[in-house]
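Engineer: Supplied in structure tokens, the structure appears directly below.
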Amino acid sequence: MSMRRGLGLWVEQLSANFYHLREISPELHRLGVLAERFFSEDANTSLIKSRQFGEYMVKEIAALSGVYDPAGRETANDLIRRLSASQVLPKEVSDIFHAIRKRGNDAAHSLAGSPSEALAALKFCRALGVWYRRTYGRDAGFKPGPFVPPKASAAIDETTKSELEALRRQVQEAEARLAAAHASAEELTKARAAAEELARQAAADSAVLAQTAVEMEANQAELAQKLAQLQKEAEAQPQQLQMEFKHAGLQAASRLELDERQTRRLIDMQLVDAGWEADSGTLVHQEGARPEEGRNLAIAEWPSEGGRADYALFIGLTCVGVIEAKRESVDVPSTLHQAERYARTIELPPEYCHPDGPWKHGLADPFRVPFVFATNGRPFVRQWQTKSGIWFCDLRRDTDHPRPLTAWFSPRDLLEILETDLDAAAQGLAEESFGKGKMRPYQEEAIAAIENAVVSGQRDILGSMATGTGKTRTAIALMYRLLKHKRFRRILFLVDRKALGKQTNDALETTEIEGMLNFAQIYKVAGLEKKIPETEDQVQVATVQSLIARILNEPDPAKRPTPGTFDCIIVDEAHRGYTLDAELREGDIGFRNLDDYQSAYRQILDYFDAVKVALTATPALHTREIFGHPVFHYGYRQAVVEGYLNDHLPPKRITTALSEAGIHFEGGEEVEIIDRTTGQIDLFELPDEVSLDYDVADFNKRVYSEAFNRIVCRAIATEIPPVKPGKTLIFAARDAHADDIVRLLVEELQEEHGKDAVPHAMVMKITGNVDKADDLILKFKNDPYPKYVVTVDLLTTGVDVPSICNLVFMRRVKSRILYDQMIGRATRL
């Protein structure tokens with residue numbers, strides 16, 4: 001019998017933890033077995049095999065999803081991040097991959113590794129194997145049975161030995177429990193197999209293990225060939241299958257079974273990423289760990305009266321918080337009560353206490369630390385808040401309520417929260433009046449309403465002001481007051497397009513605030529190009545797209561924003577996440593569709609622990625669902641009556657025979673099918689039994705008529721001659737339609753008014769697909785030409801061009817929000 005065949009027989013008998021992977025991925029099965037069996041021989045090698053198990057699984061997942069790079073240019077870290085960003089890997093699963101990868105890398109580089117670390121990696125590999133089986137093995141109901149601890153050498157440390165003994169007891173108890181519960185034959189078989197494996201555990205032939213490991217190392221070409229074949233098969237499959245895998249992955253991730261020790265290791269990794277020193281295996285109070293000057297330590301098992309806090313957070317010598325961590329299945333908010341008990345009873349000598357404490361609030365036992373946290377290691381899910389996320393409460397004020405976080409605060413975040421004096425800020429805002437003549441009355445009312453909501457503790461605030469009434473000016477004055485009185489330390493001004501970000505930057509540099517100084521002269525502003533604000537920056541202007549890239553795709557934790565980077569977010573044009581058109585494209589947009597954009601928009605709002613102030617002219621239902629009902633509303637009609645906006649004249653409708661009757665094709669009729677990407681035109685004869693109807697909403701999207709577009713352009717040329725004051729904005733159905741309008745409108749203007757009356761730059765397309773769209777918008781705003789601009793959605797929102805006097809709709813608009821925004825392009829005085 002060959003060594004490989006001998007190993008195969010041994011594997012079949014002794015691999016209760018990984019046997020189920022044998023049929024769907026023999027490679028994963030073998031790597032799992034090697035990691036398990038080397039545990040007894042060499043913890044370092046076991047850790048490396050666990051890392052290889054995780055790395056190969058990630059590659060298989062990428063290949064099965066049709067996104068694997070056969071050239072292998074990506075590191076495992078980059079591949080995990082890319083699959084997480086595209087939601088192929090749920091967050092809780094990617095965290096486990098990272099934990100295995102980091103421990104394996106340490107083992108490979110340092111030639112070290114403890115049995116405790118090797119056991120933790122094995123348990124993580126087993127959890128990933130079960131998730132993989134349920135997701136890509138299409139076996140959602142798979143029940144793995146208990147984890148079978150590997151045989152250990154006599155030299156193992158006492159802590160690991162006791163954990164192994166506890167795991168063995170669980171295996172033995174599982175069989176009896178299942179038998180008593182009249183479990184299925186399959187479940188009983190698995191439980192008996194696990195118990196039998198414990199009974200017959202013996203060291204495998206070291207030579208067999210070594211030979212098998214060498215064979216796998218030498219077989220890289222064969223593994224690469226298999227991955228390339230999986231990638232090819234995935235590319236040929238319908239997109240629907242990939243969506244099914246994603247859904248199955250999310251469902252399987254929600255059923256991940258991790259014990260408290262595994263949860264603790266994941267939390268260690270998350271705390272380290274946030275800037276803390278954490279290791280619940282070694283950085284433990286009982287092992288002599290104590291706070292030190294210049295270090296930010298998360299010390300495990302800190303004593304209190306009647307128990308031990310899972311972690312105590314120290315910045316230098318000062319204890320700033322306690323963390324209570326439970327296994328994944330536990331509700332998190334209820335765990336926060338236990339953390340609060342530890343915050344009252346924690347044993348701290350005077351030199352470790354915060355100088356402002358304790359915080360009494362009329363309690364018999366005051367709080368000795370300012371902050372408490374509770375978590376079960378599961379990533380935040382808005383629809384499942386009590387079972388996910390990191391719950392946080394600031395104990396210094398009895399009016400503060402617990403709230404969920406998506407990631408851990410950094411030490412700097414907590415220091416900055418400690419430095420914020422909410423009461424002094426509220427008093428300063430109440431006492432300072434607005435400067436005479438600086439603001440319009442309704443703008444002062446808007447700022448006062450938002451400030452009152454902030455002071456009362458509201459964290460999601462919506463303000464509604466009609467387009468053209470100065471939302472940006474109002475937001476700048478609001479930011480100035482909030483920063484001046486130190487209610488917030490750093491504000492994010494969130495936009496969805498670079499054009500709006502540059503417009504905001506310009507406004508911050510030109511808007512006079514106080515004493516002949518503009519905002520950017522008083523407070524330091526970080527522009528679009530800066531990835532992370534510096535300590536002295538107090539406002540950052542950024543796009544949704546760039547922030548998503550910085551949070552999800554940045555491999556270095558030190559270069560990522562933390563949840564406390566901003567404590568206030570001003571959301572400009574808050575409706576935009578819901579009217580983004582597929583025709584809009586910018587260099588940094590990486591979203592496949594509207595749902596993808598909305599998901600990113602919510603991720604930004606959820607990620608930062610900040611008060612969100614949203615401003616829009618059109619507060620629709622989906623906006624109110626995020627930010628609540630407006631605390632202030634100033635509508636278009638009121639602004640017209642008070643003389644701040646123009647009213648529009650009655651609209652003129654261009655009526656054509658096609659727009660009235662629509663377009664109808666009979667069966668058997670020949671029609672021209674145009675491929676707009678290649679320009680190829682084919683004749684296609686409709687089947688006899690098929691007839692097709694198109695109304696005006698389909699014009700220039702599904703069906704194209706040169707005659708229809710020419711007649712409309714002729715009407716524009718007649719109704720809005722070049723000598724008429726003001727500029728004209730024309731809304732097209734799609735980018736290709738905009739090209740047609742520019743060509744036909746130039747021809748009709750020349751026909752109507754003569755070639756000399758129509759200079760080359762008079763008519764222009766400005767969409768997301770043109771080169772340097774921002775420069776063209778500035779020309780439209782400031783220069784005589786272009787006088788007629790054709791757009792799709794790039795100029796529907798936020799862009800301020802007061803010289804626009806005429807709007808032309810050459811598309812059907814179904815969204816009331818979008819229509820109101822479009823009308824707002826021409827209502828400024």
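Ligands are numbered from 1 in the order shown, chains are lettered A, B, ... in the order of the structure tokens, and residues start at 1 in each chain.
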Would you mind writing down, as a ChimeraX atom specification, each residue of stretch 435-644 of chain A that DSSP on the backbone assigns to alpha helix (DSSP H)?
Structural biologist: /A:441-455,471-484,498-510,519-522,544-552,594-607,621-627,636-641
Engineer: Of the residues A:Lys59, A:Lys755, A:Lys91, A:His354, which is the one nearest to A:Gly249, using only C-alpha atoms?
Structural biologist: A:Lys91
Engineer: Please return as a tab-separated table (two decimals) with N, CA, C and O atoms, in the first residue's frame: the residues of stretch 485-662 of chain A that backbone DSSP assigns to strand (DSSP E or B).
Structural biologist:
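Output contents, as saved in out.tsv:
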```tsv
chain	number	residue	atom	x	y	z
A	491	ILE	N	-16.05	67.22	11.83
A	491	ILE	CA	-17.29	67.02	11.08
A	491	ILE	C	-16.97	66.49	9.68
A	491	ILE	O	-16.07	66.99	9.01
A	492	LEU	N	-17.71	65.48	9.27
A	492	LEU	CA	-17.63	64.97	7.90
A	492	LEU	C	-18.76	65.58	7.08
A	492	LEU	O	-19.93	65.48	7.46
A	493	PHE	N	-18.39	66.24	5.98
A	493	PHE	CA	-19.40	66.76	5.05
A	493	PHE	C	-19.46	65.76	3.91
A	493	PHE	O	-18.56	65.67	3.08
A	494	LEU	N	-20.52	64.95	3.89
A	494	LEU	CA	-20.63	63.80	2.99
A	494	LEU	C	-21.40	64.16	1.72
A	494	LEU	O	-22.53	64.65	1.78
A	495	VAL	N	-20.78	63.92	0.57
A	495	VAL	CA	-21.41	64.16	-0.72
A	495	VAL	C	-21.33	62.88	-1.54
A	495	VAL	O	-20.61	61.95	-1.20
A	512	GLU	N	-18.05	84.17	3.96
A	512	GLU	CA	-17.60	84.97	5.11
A	512	GLU	C	-18.40	84.59	6.34
A	512	GLU	O	-19.62	84.53	6.32
A	513	ILE	N	-17.68	84.34	7.42
A	513	ILE	CA	-18.33	83.88	8.65
A	513	ILE	C	-18.29	84.94	9.73
A	513	ILE	O	-19.31	85.35	10.29
A	514	GLU	N	-17.10	85.41	10.07
A	514	GLU	CA	-16.97	86.33	11.21
A	514	GLU	C	-15.70	87.15	11.04
A	514	GLU	O	-14.65	86.62	10.67
A	517	LEU	N	-13.47	87.03	7.93
A	517	LEU	CA	-12.78	85.76	7.66
A	517	LEU	C	-13.76	84.74	7.12
A	517	LEU	O	-14.91	84.67	7.57
A	518	ASN	N	-13.31	83.92	6.15
A	518	ASN	CA	-14.17	82.86	5.67
A	518	ASN	C	-13.95	81.60	6.52
A	518	ASN	O	-13.02	81.52	7.32
A	525	VAL	N	-9.76	72.71	6.94
A	525	VAL	CA	-10.64	71.85	6.15
A	525	VAL	C	-9.79	70.86	5.36
A	525	VAL	O	-8.84	71.25	4.68
A	526	ALA	N	-10.13	69.57	5.45
A	526	ALA	CA	-9.47	68.53	4.65
A	526	ALA	C	-10.33	68.30	3.40
A	526	ALA	O	-11.52	68.05	3.51
A	539	VAL	N	-12.93	69.77	9.68
A	539	VAL	CA	-13.96	69.41	8.71
A	539	VAL	C	-13.29	68.63	7.59
A	539	VAL	O	-12.20	68.99	7.15
A	540	GLN	N	-13.93	67.54	7.17
A	540	GLN	CA	-13.46	66.86	5.96
A	540	GLN	C	-14.62	66.72	4.99
A	540	GLN	O	-15.72	66.31	5.36
A	541	VAL	N	-14.35	67.08	3.72
A	541	VAL	CA	-15.32	66.87	2.64
A	541	VAL	C	-14.93	65.59	1.94
A	541	VAL	O	-13.77	65.42	1.53
A	542	ALA	N	-15.85	64.66	1.80
A	542	ALA	CA	-15.53	63.36	1.18
A	542	ALA	C	-16.75	62.80	0.48
A	542	ALA	O	-17.89	63.12	0.82
A	543	THR	N	-16.49	61.94	-0.51
A	543	THR	CA	-17.58	61.25	-1.23
A	543	THR	C	-17.86	59.91	-0.57
A	543	THR	O	-16.99	59.32	0.08
A	568	CYS	N	-19.69	64.06	13.96
A	568	CYS	CA	-20.87	64.63	13.31
A	568	CYS	C	-20.72	64.43	11.81
A	568	CYS	O	-19.62	64.58	11.26
A	569	ILE	N	-21.81	64.07	11.15
A	569	ILE	CA	-21.82	63.95	9.69
A	569	ILE	C	-22.93	64.83	9.14
A	569	ILE	O	-24.09	64.71	9.55
A	570	ILE	N	-22.56	65.75	8.25
A	570	ILE	CA	-23.55	66.53	7.51
A	570	ILE	C	-23.76	65.81	6.19
A	570	ILE	O	-22.83	65.69	5.38
A	571	VAL	N	-24.96	65.31	5.95
A	571	VAL	CA	-25.26	64.58	4.72
A	571	VAL	C	-25.92	65.54	3.75
A	571	VAL	O	-27.09	65.89	3.90
A	611	VAL	N	-23.34	61.97	15.22
A	611	VAL	CA	-24.66	62.58	15.03
A	611	VAL	C	-24.79	62.89	13.54
A	611	VAL	O	-23.91	63.50	12.94
A	612	LYS	N	-25.89	62.42	12.92
A	612	LYS	CA	-26.09	62.62	11.48
A	612	LYS	C	-27.11	63.72	11.25
A	612	LYS	O	-28.24	63.64	11.76
A	613	VAL	N	-26.70	64.76	10.51
A	613	VAL	CA	-27.60	65.85	10.15
A	613	VAL	C	-27.78	65.82	8.64
A	613	VAL	O	-26.82	66.06	7.89
A	614	ALA	N	-28.97	65.48	8.18
A	614	ALA	CA	-29.24	65.34	6.76
A	614	ALA	C	-30.00	66.55	6.25
A	614	ALA	O	-30.93	67.04	6.90
A	615	LEU	N	-29.60	67.03	5.07
A	615	LEU	CA	-30.26	68.18	4.45
A	615	LEU	C	-30.75	67.78	3.06
A	615	LEU	O	-30.02	67.17	2.29
A	616	THR	N	-31.98	68.13	2.75
A	616	THR	CA	-32.53	67.83	1.43
A	616	THR	C	-33.70	68.75	1.16
A	616	THR	O	-34.32	69.31	2.08
A	632	PHE	N	-37.17	70.72	10.75
A	632	PHE	CA	-37.44	72.03	10.15
A	632	PHE	C	-37.78	71.81	8.69
A	632	PHE	O	-37.18	70.99	8.01
A	633	HIS	N	-38.79	72.57	8.20
A	633	HIS	CA	-39.19	72.46	6.79
A	633	HIS	C	-39.44	73.86	6.23
A	633	HIS	O	-40.16	74.66	6.82
A	634	TYR	N	-38.83	74.14	5.09
A	634	TYR	CA	-39.05	75.39	4.38
A	634	TYR	C	-39.25	75.04	2.91
A	634	TYR	O	-38.32	74.65	2.21
```
Engineer: Write out as a compact mmCIF listing (two decimals) with N, CA and C atoms, in the first residue's frame the residues lying within 9 Å of stretch 261-265 of chain A, counting only C-alpha atoms and excluding same-chain residues fewer than 4 positions away.
Structural biologist:
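The result, written out as result_13.txt:
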```txt
# COMPACT_ATOMS: atom_id res chain seq x y z
N ALA A 99 -8.15 35.82 11.24
CA ALA A 99 -7.56 35.31 12.49
C ALA A 99 -6.63 34.13 12.20
N ALA A 120 -6.79 26.78 18.80
CA ALA A 120 -7.73 27.83 18.38
C ALA A 120 -7.86 27.85 16.86
N LYS A 123 -9.99 24.92 15.63
CA LYS A 123 -11.42 25.13 15.86
C LYS A 123 -12.00 26.12 14.85
N PHE A 124 -11.19 27.14 14.49
CA PHE A 124 -11.65 28.08 13.46
C PHE A 124 -11.75 27.38 12.10
N MET A 269 -8.30 40.22 18.00
CA MET A 269 -7.84 40.68 16.69
C MET A 269 -8.48 42.03 16.33
N GLN A 270 -9.77 42.18 16.63
CA GLN A 270 -10.46 43.43 16.32
C GLN A 270 -9.88 44.59 17.15
N ASP A 279 -4.39 40.41 23.93
CA ASP A 279 -4.17 38.97 23.77
C ASP A 279 -4.73 38.29 25.01
N SER A 280 -5.95 37.77 24.89
CA SER A 280 -6.62 37.20 26.05
C SER A 280 -5.97 35.92 26.53
N GLY A 281 -4.98 35.41 25.77
CA GLY A 281 -4.25 34.23 26.23
C GLY A 281 -3.05 34.57 27.09
N ASP A 310 -14.12 40.80 31.44
CA ASP A 310 -13.40 40.12 30.37
C ASP A 310 -12.19 40.93 29.91
N ALA A 325 -17.54 40.13 27.04
CA ALA A 325 -17.64 39.37 25.79
C ALA A 325 -18.30 38.03 26.06
N LYS A 326 -19.34 37.71 25.27
CA LYS A 326 -20.02 36.44 25.39
C LYS A 326 -19.95 35.69 24.07
N ARG A 327 -20.31 34.42 24.08
CA ARG A 327 -20.29 33.67 22.84
C ARG A 327 -21.36 34.22 21.89
N GLU A 328 -21.27 33.81 20.63
CA GLU A 328 -22.03 34.47 19.57
C GLU A 328 -23.54 34.41 19.73
N ASN A 376 -20.65 40.07 21.26
CA ASN A 376 -20.56 38.62 21.09
C ASN A 376 -19.68 38.26 19.90
N GLY A 377 -18.93 39.27 19.38
CA GLY A 377 -18.02 39.02 18.28
C GLY A 377 -18.66 39.01 16.92
N ARG A 378 -20.00 39.09 16.87
CA ARG A 378 -20.69 39.04 15.58
C ARG A 378 -20.77 40.45 15.00
```
Engineer: Calculated over only C-alpha atoms, which of the candidates A:Cys319, A:Leu395, A:Leu462, A:Ile626 has the smallest distance to A:Leu336?
Structural biologist: A:Leu395
Engineer: Need the shell around A:Lys652: protein/DNA/RNA residues with any atom at most 12 Å away, counting only C-alpha atoms. Skip same-chain ones fewer than 5 positions apart. Format as a count of residues only?
Structural biologist: 9
Engineer: My list of candidates is A:Lys151, A:Lys438, A:His622, A:Lys486. Which is closest to A:Arg37 when distances are computed with only C-alpha atoms?
Structural biologist: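 Under the stated criterion, the closest residue is A:Lys151.
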Engineer: With only C-alpha atoms as the counted atoms, please give the residues lying no more than 12 Å from A:Asn452, apart from itself and same-chain residues fewer than 5 positions off, as a list of chain:residue names.
Structural biologist: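 The residues satisfying every condition are A:Ala425, A:Ala426, A:Gln427, A:Leu429, A:Ala430, A:Glu445, A:Ala446, A:Ile447, A:Gly457, A:Gln458, A:Arg459, A:Ile461, A:Leu478, A:Leu482, A:Val631, A:Phe632.
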Engineer: Generate the output file for the selected residues, N, CA, C and O atoms, as a PDB file, in the first residue's frame.
Structural biologist:
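Result file again-v5.pdb:
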```pdb
ATOM      1  N   ALA A 425     -21.078  73.077  25.823  1.00  0.00           N
ATOM      2  CA  ALA A 425     -21.427  73.339  24.424  1.00  0.00           C
ATOM      3  C   ALA A 425     -22.878  73.790  24.308  1.00  0.00           C
ATOM      4  O   ALA A 425     -23.193  74.756  23.587  1.00  0.00           O
ATOM      5  N   ALA A 426     -23.787  73.124  25.011  1.00  0.00           N
ATOM      6  CA  ALA A 426     -25.200  73.480  24.959  1.00  0.00           C
ATOM      7  C   ALA A 426     -25.424  74.902  25.475  1.00  0.00           C
ATOM      8  O   ALA A 426     -26.204  75.673  24.899  1.00  0.00           O
ATOM      9  N   GLN A 427     -24.733  75.260  26.548  1.00  0.00           N
ATOM     10  CA  GLN A 427     -24.878  76.599  27.103  1.00  0.00           C
ATOM     11  C   GLN A 427     -24.360  77.658  26.125  1.00  0.00           C
ATOM     12  O   GLN A 427     -25.001  78.697  25.911  1.00  0.00           O
ATOM     13  N   LEU A 429     -24.140  77.486  22.807  1.00  0.00           N
ATOM     14  CA  LEU A 429     -25.044  77.599  21.660  1.00  0.00           C
ATOM     15  C   LEU A 429     -26.294  78.398  22.022  1.00  0.00           C
ATOM     16  O   LEU A 429     -26.797  79.182  21.217  1.00  0.00           O
ATOM     17  N   ALA A 430     -26.794  78.186  23.235  1.00  0.00           N
ATOM     18  CA  ALA A 430     -28.018  78.884  23.658  1.00  0.00           C
ATOM     19  C   ALA A 430     -27.779  80.377  23.846  1.00  0.00           C
ATOM     20  O   ALA A 430     -28.662  81.202  23.588  1.00  0.00           O
ATOM     21  N   GLU A 445     -33.779  79.977  11.652  1.00  0.00           N
ATOM     22  CA  GLU A 445     -34.742  79.042  12.253  1.00  0.00           C
ATOM     23  C   GLU A 445     -34.287  77.595  12.037  1.00  0.00           C
ATOM     24  O   GLU A 445     -34.415  76.751  12.932  1.00  0.00           O
ATOM     25  N   ALA A 446     -33.774  77.302  10.847  1.00  0.00           N
ATOM     26  CA  ALA A 446     -33.310  75.946  10.559  1.00  0.00           C
ATOM     27  C   ALA A 446     -32.160  75.558  11.476  1.00  0.00           C
ATOM     28  O   ALA A 446     -32.133  74.459  12.051  1.00  0.00           O
ATOM     29  N   ILE A 447     -31.197  76.461  11.643  1.00  0.00           N
ATOM     30  CA  ILE A 447     -30.038  76.182  12.499  1.00  0.00           C
ATOM     31  C   ILE A 447     -30.481  75.992  13.950  1.00  0.00           C
ATOM     32  O   ILE A 447     -30.032  75.059  14.638  1.00  0.00           O
ATOM     33  N   GLY A 457     -30.191  65.403  22.446  1.00  0.00           N
ATOM     34  CA  GLY A 457     -29.675  64.040  22.348  1.00  0.00           C
ATOM     35  C   GLY A 457     -30.089  63.291  21.109  1.00  0.00           C
ATOM     36  O   GLY A 457     -29.773  62.106  20.960  1.00  0.00           O
ATOM     37  N   GLN A 458     -30.790  63.945  20.186  1.00  0.00           N
ATOM     38  CA  GLN A 458     -31.201  63.274  18.952  1.00  0.00           C
ATOM     39  C   GLN A 458     -29.964  63.020  18.088  1.00  0.00           C
ATOM     40  O   GLN A 458     -29.135  63.901  17.898  1.00  0.00           O
ATOM     41  N   ARG A 459     -29.838  61.814  17.549  1.00  0.00           N
ATOM     42  CA  ARG A 459     -28.627  61.451  16.796  1.00  0.00           C
ATOM     43  C   ARG A 459     -28.872  61.348  15.288  1.00  0.00           C
ATOM     44  O   ARG A 459     -27.909  61.267  14.515  1.00  0.00           O
ATOM     45  N   ILE A 461     -30.965  63.487  12.429  1.00  0.00           N
ATOM     46  CA  ILE A 461     -31.702  64.756  12.321  1.00  0.00           C
ATOM     47  C   ILE A 461     -31.868  65.102  10.850  1.00  0.00           C
ATOM     48  O   ILE A 461     -30.915  65.029  10.069  1.00  0.00           O
ATOM     49  N   LEU A 478     -24.019  76.430  10.467  1.00  0.00           N
ATOM     50  CA  LEU A 478     -24.272  75.442  11.515  1.00  0.00           C
ATOM     51  C   LEU A 478     -22.961  74.816  11.984  1.00  0.00           C
ATOM     52  O   LEU A 478     -22.698  74.696  13.195  1.00  0.00           O
ATOM     53  N   LEU A 482     -21.274  74.911  15.795  1.00  0.00           N
ATOM     54  CA  LEU A 482     -21.047  73.666  16.532  1.00  0.00           C
ATOM     55  C   LEU A 482     -19.570  73.463  16.862  1.00  0.00           C
ATOM     56  O   LEU A 482     -19.219  72.952  17.933  1.00  0.00           O
ATOM     57  N   VAL A 631     -36.964  68.167  11.402  1.00  0.00           N
ATOM     58  CA  VAL A 631     -37.117  69.069  12.548  1.00  0.00           C
ATOM     59  C   VAL A 631     -37.385  70.491  12.059  1.00  0.00           C
ATOM     60  O   VAL A 631     -37.773  71.365  12.839  1.00  0.00           O
ATOM     61  N   PHE A 632     -37.166  70.720  10.751  1.00  0.00           N
ATOM     62  CA  PHE A 632     -37.437  72.030  10.153  1.00  0.00           C
ATOM     63  C   PHE A 632     -37.781  71.815   8.687  1.00  0.00           C
ATOM     64  O   PHE A 632     -37.177  70.993   8.007  1.00  0.00           O
TER      65      PHE A 632
END
```
Engineer: Can you pull out every residue within 12 Å of A:Ala507, counting only C-alpha atoms, but drop anything in the same chain fewer than 3 positions away, and send it as a ChimeraX atom specification?
Structural biologist: /A:470-477,500-504,510-513,518-520,525,541,800
Engineer: Might you pull out every residue within 9 Å of A:Arg714, with only C-alpha atoms counted and same-chain residues fewer than 6 positions away left off, and present them as number ranges by chain?
Structural biologist: A: 744-745, 747-749, 751-752
Engineer: Can you tell me how far atom CA of A:Thr375 sits from atom CA of A:Trp391, in Å to one decimal?
Structural biologist: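 These atoms are spaced 6.3 Å apart.
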Engineer: Go through A:Ala407, A:Leu547, A:Val641, A:Ala620 one by one, measure the shortest atom-to-atom distance of each to A:Tyr607 using only C-alpha atoms, and give the residue with the smallest value.
Structural biologist: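 Distance minimum relative to A:Tyr607 lands on A:Ala407.
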Engineer: With distances taken over only C-alpha atoms, which of A:Val758, A:Ser65, A:Val792, A:Asp740 is nearest to A:Glu233?
Structural biologist: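 For A:Glu233, the nearest of the given residues is A:Ser65.
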Engineer: So the first atom is atom CA of A:Gly468 and the second is atom CA of A:Leu649; what is the distance between them in Å, to one decimal place?
Structural biologist: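 These atoms are spaced 17.2 Å apart.
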Engineer: By how many Å are atom CA of A:Leu83 and atom CA of A:Asp95 apart?
Structural biologist: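 Spanning atom CA of A:Leu83 to atom CA of A:Asp95 is a straight-line distance of 12.1 Å.
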